[in-house]
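The structure under discussion appears below in the form of structure tokens.
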Amino acid sequence: MSRLTSIAAFLALGTTPALAQVAGEAPTPDLPGKTNYSLLANEEIVPASARTVMGGSSNSIPWSWTPTHFMSVYRGSELPQSAYPIRCIAFRSNNRADTGATIDIEIWLGVTTKDESTLDTTYANNYDITSKPPVLVLPRQKIKLDDMVLNTDPAFFQYQIPLTTPYIWTATSGENLIFECKVYGNDQGNASFSFFPDNESGTGTTTTRLYSNNDANATVGNVTRNYAPVLKFDKACRVNSATEDYGNGSTNPPVPGNPWITQREFSRSYGDSRGYPRGWVGQAPVDFVITGVQVENEANLAEQTVAIYHLAAKPPAYTATYTPLPADLVFYKADAPANTLLPTGAIPIKKGNWIAVLGVCHPTGTGLTVTSSYSNTPNPFTTNVLGQPMAIERLISQTVLRTNAGLGGISTEGTGTGNMGRVRVHVAGQGAFNPIVPTLTTSARPIIGTTAGLDSKSNIPSAQAGLLLLSTGRLPQIPTPFGDLLVTLPSVLEIVTPGAGGNIPLPLPSSASLVGAKVTWQNFFFDFTGPIYGASNGVEWLIGEQ
């Protein structure tokens, strides 16, 4: 029986077996008094306070900082109390989607009598047990950091570093574990870049960090008490599950959409006597090209002022601000005629970067009062760009857009009840994509022994039924009477879904033989009375251990 056939057979049963033992690992009982210790004692997350929750902070040090010598200490009492071979070190993102890079590093592990309150500013002084010298577990080499995926799961450590030399941790009273690395540089010109893994911080945090500025061989560094990366020490690196949406949804007959990025519906006109603009921000799901912009103008005012930004990172949440650089500002126009599409020329936006836009309408003259077209709430709102989903949310500036040439500070303002300012951004080719095409996304990652999931939306109000296909591979857009086919045929499994779509739980067996298998999914929807037929985008899964 093939791996894919066994998955199909298991899904058809709709049951989940007990967690299986990982090959090559002997079952080990939980350690007395410990919480969230792995069932198989394969792994240990430190500090202990971040085992079942995200650390709540994030930082570029050490991975995306300037060249640095870095050290952090973790309590021995929070690690296994018997001989424990560490063969893999991992870290996780904290609900961010930063762009990766290549870094030049080496890693050491060792023991110390120092702890989070006594870690010394001199690196060598922290290895104060002469009978147990530090071990070079990863000689100097270049490591590629893949782009971060948005993550709110404390068990998912996307970034894993296999060690060349295992480190045998043997617990001894009064001893703690030191993690040390030297980051010699990166492919970003050795400058710091936006890549912020999860950190734990605050009073009572049982870890502390020591780092240098611009010197991987520094002997003395800066101490930050009760603040350091959340790490996972493991007996073996795991295969990460991965998901990718590909292709575009379609309907037959096709219905052309608007040439601009769809926004949430109009709520009200908001007047601001200070001149402060509002808008929206989102992360580009694909490469696209902006061709024009127009501020919505239900108040029927005479002029519009608008700014568009292309950013490497999401602006911070208010009250923090980001002041755009001139290179970030890709279009600015003040006091232009309202109710008019403003040509921008061809502005390329790269996948993974952030597009931000601010726009207001106002009377002629020099008065400060401006009006924003406010959207309905809540936000974020999932729109699409060239058929790919993009979540947009509220963007604000507490500066006067009409007079600062678009270079005033900008901020996001969370999710929920905040209204977005409605600005139409025209995109080349956008009108070819039907705004009501079906969509398919992953709602729970495909991890063996868990219930994975898909979230489907037909976006066809009159559809009576849907059919979800499980297959073995991708296809390019192949036209059919029911929409474009994106998965290979024959399919291995077909699941009937409601006409509106919905969440589809998919329990996966806990079998090591499934790890690394790739499968594809596509949902078709049928309105037999219209007739209108729709096909979602495709989704590819790589089944993993975490």
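Going through the structure tokens in order, the chains are called A, B, and so on, while each chain numbers its residues from 1 and the ligands are numbered from 1 in the order shown.
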Env of Phe193 in chain A: 9 Å cut, atoms = only C-alpha atoms, seq-sep filter 3 positions within chain, self excluded. Answer as a list in words.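 The filter keeps Ser60, Ser64, Trp65, Thr66, Thr99, Ala101, Gln188, Asn190 and Phe196 of chain A.
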Restricting the output to N, CA and C atoms, write the selected residues as a PDB file, in the first residue's frame.
```
ATOM      1  N   SER A  60      15.753  40.436  16.901  1.00  0.00           N
ATOM      2  CA  SER A  60      16.649  40.071  15.812  1.00  0.00           C
ATOM      3  C   SER A  60      17.941  39.432  16.308  1.00  0.00           C
ATOM      4  N   SER A  64      19.616  37.664  13.138  1.00  0.00           N
ATOM      5  CA  SER A  64      19.577  38.667  12.067  1.00  0.00           C
ATOM      6  C   SER A  64      20.156  40.003  12.519  1.00  0.00           C
ATOM      7  N   TRP A  65      21.024  39.949  13.490  1.00  0.00           N
ATOM      8  CA  TRP A  65      21.708  41.134  13.999  1.00  0.00           C
ATOM      9  C   TRP A  65      22.970  41.355  13.168  1.00  0.00           C
ATOM     10  N   THR A  66      23.686  42.417  13.488  1.00  0.00           N
ATOM     11  CA  THR A  66      25.022  42.595  12.923  1.00  0.00           C
ATOM     12  C   THR A  66      25.913  41.475  13.462  1.00  0.00           C
ATOM     13  N   THR A  99      11.167  37.838   6.073  1.00  0.00           N
ATOM     14  CA  THR A  99      11.920  37.239   4.968  1.00  0.00           C
ATOM     15  C   THR A  99      13.242  36.688   5.483  1.00  0.00           C
ATOM     16  N   ALA A 101      17.193  34.730   5.174  1.00  0.00           N
ATOM     17  CA  ALA A 101      18.492  35.109   4.607  1.00  0.00           C
ATOM     18  C   ALA A 101      19.463  33.983   4.931  1.00  0.00           C
ATOM     19  N   GLN A 188      23.080  39.906   3.864  1.00  0.00           N
ATOM     20  CA  GLN A 188      22.422  41.210   3.806  1.00  0.00           C
ATOM     21  C   GLN A 188      23.425  42.329   4.070  1.00  0.00           C
ATOM     22  N   ASN A 190      25.938  42.091   6.061  1.00  0.00           N
ATOM     23  CA  ASN A 190      26.309  42.038   7.478  1.00  0.00           C
ATOM     24  C   ASN A 190      25.581  43.072   8.322  1.00  0.00           C
ATOM     25  N   PHE A 196      12.640  38.126  13.221  1.00  0.00           N
ATOM     26  CA  PHE A 196      12.470  38.247  14.663  1.00  0.00           C
ATOM     27  C   PHE A 196      11.858  36.982  15.258  1.00  0.00           C
TER      28      PHE A 196
END
```
Write out as a list in words the residues lying within 12 Å of Thr291 in chain A, counting only C-alpha atoms and excluding same-chain residues fewer than 3 positions away. Pro259, Trp260, Ile261, Phe288, Gln294, Ile308, Val330, Phe331, Leu341, Leu342, Pro343, Thr344, Gly345, Ala346, Ile347, Pro348, Ile349, Arg424, Val425, His426, Val427, Ala428, Gly429 and Gln430 of chain A
Write the selection just made, keeping C-alpha atoms, as a short mmCIF file (atom, residue, chain, number, x, y, z; two decimals), in the first residue's frame?
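Below you can see part21.cif, which holds the result:
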```cif
data_model
loop_
_atom_site.label_atom_id
_atom_site.label_comp_id
_atom_site.auth_asym_id
_atom_site.auth_seq_id
_atom_site.Cartn_x
_atom_site.Cartn_y
_atom_site.Cartn_z
CA PRO A 259 -9.31 46.02 -11.77
CA TRP A 260 -8.48 47.06 -8.19
CA ILE A 261 -7.84 45.16 -4.95
CA PHE A 288 2.23 42.08 -8.80
CA GLN A 294 -7.89 56.34 -6.33
CA ILE A 308 1.76 54.11 -1.45
CA VAL A 330 6.77 54.38 -4.27
CA PHE A 331 4.01 56.89 -5.05
CA LEU A 341 -7.87 57.38 -11.23
CA LEU A 342 -4.28 58.54 -10.71
CA PRO A 343 -1.83 56.66 -12.98
CA THR A 344 1.17 55.51 -10.98
CA GLY A 345 3.24 54.02 -13.74
CA ALA A 346 4.30 50.39 -13.30
CA ILE A 347 5.18 49.85 -9.62
CA PRO A 348 6.41 46.26 -8.96
CA ILE A 349 5.54 44.76 -5.56
CA ARG A 424 -8.49 51.58 -4.52
CA VAL A 425 -5.16 50.19 -5.70
CA HIS A 426 -5.31 49.08 -9.33
CA VAL A 427 -3.21 46.03 -10.27
CA ALA A 428 -2.21 44.84 -13.73
CA GLY A 429 -4.31 41.80 -14.65
CA GLN A 430 -6.50 42.00 -11.55
#
```
Polymer residues at most 8 Å from Asn376 in chain A, only C-alpha atoms, same-chain spacing of 2 or more positions, as a ChimeraX atom specification: /A:264-267,374,378,419-420
Using only C-alpha atoms: which of A:Ile129, A:Tyr227, A:Ser117, A:Lys350 has the shortest distance to Ile290 in chain A: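 Of A:Ile129, A:Tyr227, A:Ser117, A:Lys350, the one nearest Ile290 in chain A is A:Lys350, counting only C-alpha atoms.
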Strand (DSSP E) residues, from DSSP on the backbone, in range 337-540 of chain A, as a count of residues only: 103
Å distance separating CA of Ala535 in chain A from CA of Leu475 in chain A, one decimal place: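 Separating CA of Ala535 in chain A from CA of Leu475 in chain A is a distance of 13.3 Å.
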What's the separation between CA of Pro389 in chain A and CA of Ser375 in chain A, in Å to one decimal place?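 Pair CA of Pro389 in chain A / CA of Ser375 in chain A returns 18.6 Å.
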Write out as a PyMOL selection string which residues come within 8 Å of range 483-496 of chain A when counting only C-alpha atoms, dropping same-chain ones fewer than 6 positions away. chain A and resi 4-5+8+247+249-252+465-477+520-522+524+533-535+537-538
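Of note, CA of Ile161 in chain A and CA of Asn240 in chain A are spaced 12.3 Å apart.
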Quick one: residues within 8 Å of Asn297 in chain A, only C-alpha atoms, excluding same-chain residues fewer than 2 positions away - as number ranges by chain? A: 295, 299-301, 338-339, 361, 372-373
For Ser411 in chain A, work out the shell of residues within 9 Å, counting only C-alpha atoms and skipping chain neighbours fewer than 2 positions away, then give it as a PyMOL selection string. chain A and resi 314-322+394-398+409+413
List the spatial neighbours of Ser511 in chain A as a ChimeraX atom specification - criterion: any atom at most 8 Å away, only C-alpha atoms, same-chain residues fewer than 2 positions off excluded. /A:20,448-449,509,513-515
Selection from above, N, CA and C atoms, as a PDB file, in the first residue's frame, can you write it?
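Dumped to again_12.pdb:
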```pdb
ATOM      1  N   ALA A  20       1.971   7.149  18.094  1.00  0.00           N
ATOM      2  CA  ALA A  20       2.944   6.067  17.928  1.00  0.00           C
ATOM      3  C   ALA A  20       4.316   6.501  18.402  1.00  0.00           C
ATOM      4  N   ILE A 448       1.669  14.301  11.522  1.00  0.00           N
ATOM      5  CA  ILE A 448       1.232  12.939  11.832  1.00  0.00           C
ATOM      6  C   ILE A 448       0.696  12.884  13.269  1.00  0.00           C
ATOM      7  N   GLY A 449      -0.358  12.081  13.448  1.00  0.00           N
ATOM      8  CA  GLY A 449      -0.937  11.916  14.775  1.00  0.00           C
ATOM      9  C   GLY A 449      -1.816  13.056  15.221  1.00  0.00           C
ATOM     10  N   PRO A 509      -2.925   9.623  10.391  1.00  0.00           N
ATOM     11  CA  PRO A 509      -2.371   8.558  11.225  1.00  0.00           C
ATOM     12  C   PRO A 509      -0.990   8.923  11.747  1.00  0.00           C
ATOM     13  N   SER A 513       5.950   6.363   8.362  1.00  0.00           N
ATOM     14  CA  SER A 513       6.059   6.132   6.924  1.00  0.00           C
ATOM     15  C   SER A 513       5.418   7.259   6.119  1.00  0.00           C
ATOM     16  N   LEU A 514       4.569   8.062   6.752  1.00  0.00           N
ATOM     17  CA  LEU A 514       3.908   9.164   6.044  1.00  0.00           C
ATOM     18  C   LEU A 514       4.758  10.428   6.014  1.00  0.00           C
ATOM     19  N   VAL A 515       5.771  10.490   6.863  1.00  0.00           N
ATOM     20  CA  VAL A 515       6.569  11.705   6.965  1.00  0.00           C
ATOM     21  C   VAL A 515       7.285  11.968   5.640  1.00  0.00           C
TER      22      VAL A 515
END
```
Distance criterion (only C-alpha atoms): nearest to Ser212 in chain A out of A:Arg51, A:Lys114, A:Lys182, A:Arg92: A:Lys182
Find, counting only C-alpha atoms, the residue in A:Pro380, A:Gly271, A:Pro507, A:Pro197 that gets nearest to Phe157 in chain A.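 Distance minimum relative to Phe157 in chain A lands on A:Pro197.
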